[in-house]
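> Can you keep this structure in mind? I'll have questions shortly.
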Amino acid sequence: MGEQTKESKMTILKRHDTGAIAHLTMNAPERLNALSDEMLAALQAQIETLTHDSSIKVVILSGAGKAFCAGHDIKQMNSARDSPDGGKANFQDLFTRCTSVMTGLQKLPQVVIAQVHGIATAAGCQLVASCDLAVATEDTKFGVNGVSIGLFCSTPMVALSRNIPRKHALELLTTGNFMTAHRAAELGLINQAVPNDDLKSATLLLANTIADKLGSALKIGKHAFYQQLEMPLDKAYAFTGDVIVENLLHQDTIEGMNAFAEKRQPSWKKD
């Protein structure tokens with residue numbers, strides 16, 4: 001597949017594609033790529049577009065400037081307090097839209113990799129936890145530090161507590177302390193902590209390795225992965241048994257298995 005370039009009309013979120021990989025760059029460096037109303041809308045629009053883009057197998061999400069994402073836009077949130085209800089309706093709408101973005105990343109048929117540097121704090125840390133995989137620079141700091149300004153990171157807690165052990169998650173949430181990239185890798189928030197100069201190449205290596213696989217298998221597998229996590233053991237096995245049988249009947253899977261047996265590269269028709 002040849003290289004092509006596409007940039008979103010919304011410059012707050014830039015997109016360019018290389019083969020089967022879509023690169024999304026949050027582009028509000030002066031606000032540390034905060035999840036403003038505009039950023040959330042741009043992310044939601046790309047999620048909706050990518051859902052129907054069968055040419056893309058992997059999405060890399062990164063941030064421009066000196067940070068990945070510093071969480072919600074506090075100034076924008078505070079401006080909502082002037083409304084008669086003190087901002088309640090606005091806040092409820094904000095977190096509904098944010099939840100749609102976070103869950104939307106996991107519902108995408110593509111594998112989403114966070115390429116993280118600088119800081120990933122509060123909802124920015126939630127964004128990393130909501131991506132399927134993550135690679136970060138060794139000097140990246142992670143935190144759910146809202147408690148330090150009197151706001152417990154309740155919604156970021158959902159994704160964080162599904163990535164790392166509960167006592168470590170609660171320690172971060174209640175202390176507001178930051179976690180190093182190496183510790184984040186140890187606990188499972190990210191896959192790798194790499195030197196600064198290696199961030200793009202390490203992320204791209206991971207993305208290319210995945211993009212080389214059969215797209216339909218990736219789509220089936222990612223969807224099943226998140227579904228079975230919420231099931232009791234017996235139901236998870238019953239569900240995934242049906243999934244793998246369905247996968248086995250795909251023509252491209254038959255070709256892949258035959259190619260393996262015959263010690264040759266598969267010739268997939270649908271990729």
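How things are named: the first chain in the structure tokens is A, the next is B, and so on; residues count from 1 in each chain; ligands count from 1 in the order shown.
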Name the residues of segment 74-194 of chain A that fall into strand (DSSP E) according to DSSP on the backbone, using the chain letters and numbers of this document, as number ranges by chain.
A: 111-116, 119-121, 133-137, 141-143, 179-180, 192-194
> Tell me, as a list of chain:residue names, which residues lie within 12 Å of Arg162 of chain A, counting only C-alpha atoms; anything in the same chain fewer than 5 positions away does not count.
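Listing them by chain and then by number gives A:Gln126, A:Val128, A:Ala129, A:Ser130, A:Cys131, A:Asp132, A:Thr155, A:Pro156, A:Met157, A:Lys167, A:His168, A:Ala169, A:Leu170, A:Leu187, A:Gly188, A:Leu189, A:Tyr226, A:Leu229, A:Glu230.
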> Nearest to Ala202 of chain A among A:Met77, A:Val112, A:Ala136, A:Met26, with distances taken over only C-alpha atoms: which residue is it?
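For Ala202 of chain A, the nearest of the given residues is A:Ala136.
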> I need the helix (DSSP H, G or I) residues of segment 36-268 of chain A per DSSP on the backbone, written as an MDAnalysis selection string.
chainID A and resid 37:51 74:82 88:107 123:130 145:149 154:160 166:175 181:187 196:211 215:229 233:248 251:261
> Neighbouring residues of Met39 of chain A were defined as those with any atom within 12 Å, considering only C-alpha atoms; residues of the same chain fewer than 3 positions away were excluded. Please report them as a ChimeraX atom specification.
/A:10-14,24-29,31-36,42-46,63,69,71-73,76,94,97-98,101,124
> If we count only C-alpha atoms and set the cut-off at 12 Å, which residues sit around Asp53 of chain A, ignoring sequence neighbours fewer than 4 positions away in its own chain? Please answer as a ChimeraX atom specification.
/A:17,20-22,46-49,57-59,108-110,215,219
> Would you kindly return, as a PyMOL selection string, each protein, DNA or RNA residue with an atom no farther than 7 Å from any atom of segment 237-249 of chain A, considering only C-alpha atoms and excluding same-chain residues fewer than 4 positions away?
chain A and resi 217+224+233+253-254
> Convert the current residue selection to file output with N, CA, C and O atoms, as a compact mmCIF listing (two decimals), in the first residue's frame.

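Full text of selection.txt as output:
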```
# COMPACT_ATOMS: atom_id res chain seq x y z
N ALA A 217 -8.72 -10.20 11.20
CA ALA A 217 -8.40 -10.90 12.45
C ALA A 217 -8.16 -9.91 13.58
O ALA A 217 -8.59 -10.13 14.72
N ALA A 224 -13.35 -8.79 20.59
CA ALA A 224 -13.56 -9.89 21.54
C ALA A 224 -12.77 -9.68 22.83
O ALA A 224 -13.22 -10.04 23.92
N LEU A 233 -15.50 -16.33 33.85
CA LEU A 233 -14.60 -17.22 33.11
C LEU A 233 -15.32 -18.15 32.16
O LEU A 233 -14.95 -18.28 30.98
N THR A 253 -8.25 -16.33 6.54
CA THR A 253 -7.66 -17.12 7.61
C THR A 253 -7.28 -18.51 7.10
O THR A 253 -6.22 -19.05 7.45
N ILE A 254 -8.13 -19.07 6.28
CA ILE A 254 -7.82 -20.37 5.66
C ILE A 254 -6.52 -20.25 4.86
O ILE A 254 -5.63 -21.10 4.94
```
> I want to know what sits within 10 Å of Phe152 of chain A, based on only C-alpha atoms, with residues of the same chain fewer than 4 positions away left out; could you give that as a PyMOL selection string?
chain A and resi 122+144-148+156-157+173-174+176
> Hey, can you check how far atom CA of Ile60 of chain A sits from atom CA of Ile190 of chain A?
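These atoms are spaced 13.8 Å apart.
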> Considering only C-alpha atoms, can you say which of A:Gln227, A:Asn196, A:Ser216, A:Thr96 comes closest to Ala181 of chain A?
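Closest residue, counting only C-alpha atoms: A:Asn196.
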> Record the distance separating atom CA of Lys141 of chain A and atom CA of Met179 of chain A, expressed in Å with one decimal.
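For atom CA of Lys141 of chain A relative to atom CA of Met179 of chain A, the distance reads 5.7 Å.
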